[in-house]
Amino acid sequence: MLSKEADKFLTEFRLEMMAHGKQDEAIDDMEAELEDHLIQAEQDGKSLEDVTGGSVKEYIKNISGEMPRVNNIQKYVALFIIYLAGILTVPNLISGDFEWTLANLLYYVGIIVLGPLLIYQAFKFILINFASFKSEKIELKGMVLIFVFSFLFMGLLVGSIFLVRSYPIITFFELDPSVNITIGFILLAILVIGTLVMKQWFYTILALILAAPEIIAQVFTSDGPQSESYLIISSVGLLLGVIILFIGSRIAMKAKK
């Protein structure tokens, strides 16, 4: 039985190797080999540092050359960033309420660049300290931290929107709402077609669910996106979409198991 310190090291090792774009089969083999070494070391009275040097990053530097990379990992990261930018801007474009200001563009750049990094670091900390890949379970403390982080992250996104609208810094230009809506539908079509071609069904559904509330609100109300009726329809639509997505994901996970 491995010590908790060794188990944390294995979890961090797997996460770092995944981040380095290594193949799952190779990670499994190397993790199993490392686990055997750690078990034997503990039986022989040796410490974790004796086997690994104590640093996951240093240990990976010594062995990473032995493990093949996943093909085109950089391409998929770039495509994900493009997709993230798309799903963040499409709903606002379809509502006709997108603002072409410096503050707004900086907001989206910040989300695209810093958002994934912040999420990765937060979940890496939780998985290393409160989860196990073998049991595929997260401790109660980890679940609480995930909830708190998600709440704070969403609060940061929403609060930043109000800040951006209050302080636009520089307004580049103002387009007619109909032009914004047209651009939004074009980008939505590109996202849907692109994810379908790549057979990424989840991302196709996610893009449609995020855009659907704005489309429905545009159809069922003639008022602008700032009106009460529009906000109610779009908010209820988004809530229902998130619920459907969550239930669908749970069903898919159970079916996969």
# chains A, B, ... in the order shown; residues from 1 in each chain; ligands from 1
>>> closest_atom_pairs(of="stretch 148-196 of chain A", to="stretch 224-241 of chain A", cutoff="12 Å", atoms="only C-alpha atoms", output="CSV")
residue,atom,partner,partner_atom,distance
A:Pro177,CA,A:Gly224,CA,9.5
A:Ser178,CA,A:Gly224,CA,11.5
A:Ile181,CA,A:Pro225,CA,11.8
>>> residues_around(residues="A:Leu208", least_positions_apart="6", cutoff="12 Å", atoms="only C-alpha atoms", output="PyMOL selection string")
chain A and resi 86-87+90-91+94+184-185+187-193+195-196+201-202+214-216+237-238+241-242+245
>>> residues_around(residues="A:Leu140", least_positions_apart="4", cutoff="10 Å", atoms="only C-alpha atoms", output="list in words")
Phe130, Ala131, Val144, Leu145 and Ile146 of chain A
>>> closest_residue(among="A:Asn129, A:Leu105, A:Ile169, A:Ala19", to="A:Ala85", atoms="only C-alpha atoms")
A:Leu105
>>> closest_residue(among="A:Phe246, A:Tyr107, A:Phe13, A:Phe123", to="A:Pro168", atoms="only C-alpha atoms")
A:Tyr107
>>> closest_residue(among="A:Ala6, A:Gly54, A:Lys22, A:Ile209", to="A:Leu34", atoms="only C-alpha atoms")
A:Ala6
>>> residues_around(residues="A:Gly115", least_positions_apart="6", cutoff="12 Å", atoms="only C-alpha atoms", output="compact mmCIF listing (two decimals) with N, CA, C and O atoms, in the first residue's frame")
# COMPACT_ATOMS: atom_id res chain seq x y z
N ILE A 81 -8.81 26.76 -28.28
CA ILE A 81 -8.81 28.19 -27.97
C ILE A 81 -9.73 28.93 -28.94
O ILE A 81 -10.50 29.82 -28.54
N LEU A 84 -13.26 28.13 -27.95
CA LEU A 84 -13.62 28.87 -26.73
C LEU A 84 -13.97 30.31 -27.06
O LEU A 84 -14.96 30.86 -26.54
N ALA A 85 -13.17 30.94 -27.92
CA ALA A 85 -13.46 32.31 -28.33
C ALA A 85 -14.81 32.38 -29.04
O ALA A 85 -15.59 33.33 -28.86
N LEU A 88 -17.90 32.02 -26.68
CA LEU A 88 -18.03 33.18 -25.81
C LEU A 88 -18.62 34.38 -26.54
O LEU A 88 -19.35 35.18 -25.94
N TYR A 107 -11.30 41.63 -22.50
CA TYR A 107 -12.03 40.69 -21.65
C TYR A 107 -12.00 39.29 -22.26
O TYR A 107 -11.69 38.30 -21.59
N TYR A 108 -12.31 39.21 -23.55
CA TYR A 108 -12.35 37.90 -24.22
C TYR A 108 -10.95 37.31 -24.35
O TYR A 108 -10.76 36.10 -24.20
N VAL A 109 -9.96 38.15 -24.62
CA VAL A 109 -8.58 37.66 -24.70
C VAL A 109 -8.14 37.11 -23.34
O VAL A 109 -7.50 36.05 -23.26
N GLN A 121 -4.92 24.90 -13.31
CA GLN A 121 -4.19 24.93 -12.04
C GLN A 121 -5.10 24.59 -10.86
O GLN A 121 -4.70 23.87 -9.93
N ALA A 122 -6.34 25.09 -10.89
CA ALA A 122 -7.28 24.83 -9.79
C ALA A 122 -7.65 23.35 -9.72
O ALA A 122 -7.59 22.73 -8.65
N SER A 150 -15.92 27.05 -8.95
CA SER A 150 -16.85 27.30 -10.05
C SER A 150 -17.69 28.54 -9.79
O SER A 150 -17.91 29.36 -10.68
N PHE A 153 -15.41 31.59 -10.08
CA PHE A 153 -15.01 31.81 -11.47
C PHE A 153 -16.16 32.42 -12.26
O PHE A 153 -15.96 33.36 -13.04
N MET A 154 -17.38 31.90 -12.08
CA MET A 154 -18.53 32.46 -12.78
C MET A 154 -18.81 33.88 -12.30
O MET A 154 -19.18 34.75 -13.09
N LEU A 156 -16.56 35.96 -11.27
CA LEU A 156 -15.53 36.79 -11.91
C LEU A 156 -15.92 37.12 -13.35
O LEU A 156 -15.76 38.27 -13.79
N LEU A 157 -16.44 36.14 -14.08
CA LEU A 157 -16.84 36.37 -15.47
C LEU A 157 -17.98 37.38 -15.55
O LEU A 157 -17.94 38.32 -16.35
>>> residues_around(residues="A:Tyr167", least_positions_apart="6", cutoff="10 Å", atoms="only C-alpha atoms", output="PyMOL selection string")
chain A and resi 101-104+161
>>> select_by_dssp(residues="stretch 43-212 of chain A", states="alpha helix (DSSP H)", output="VMD selection string")
chain A and resid 43 48 to 52 56 to 63 73 to 95 102 to 130 140 to 166 177 to 197 201 to 212
>>> closest_residue(among="A:Asn92, A:Thr221, A:Asn62, A:Ser3", to="A:Ser47", atoms="only C-alpha atoms")
A:Ser3
>>> atom_distance(atom1="atom CA of A:Ala252", atom2="atom CA of A:Glu25")
23.2 Å
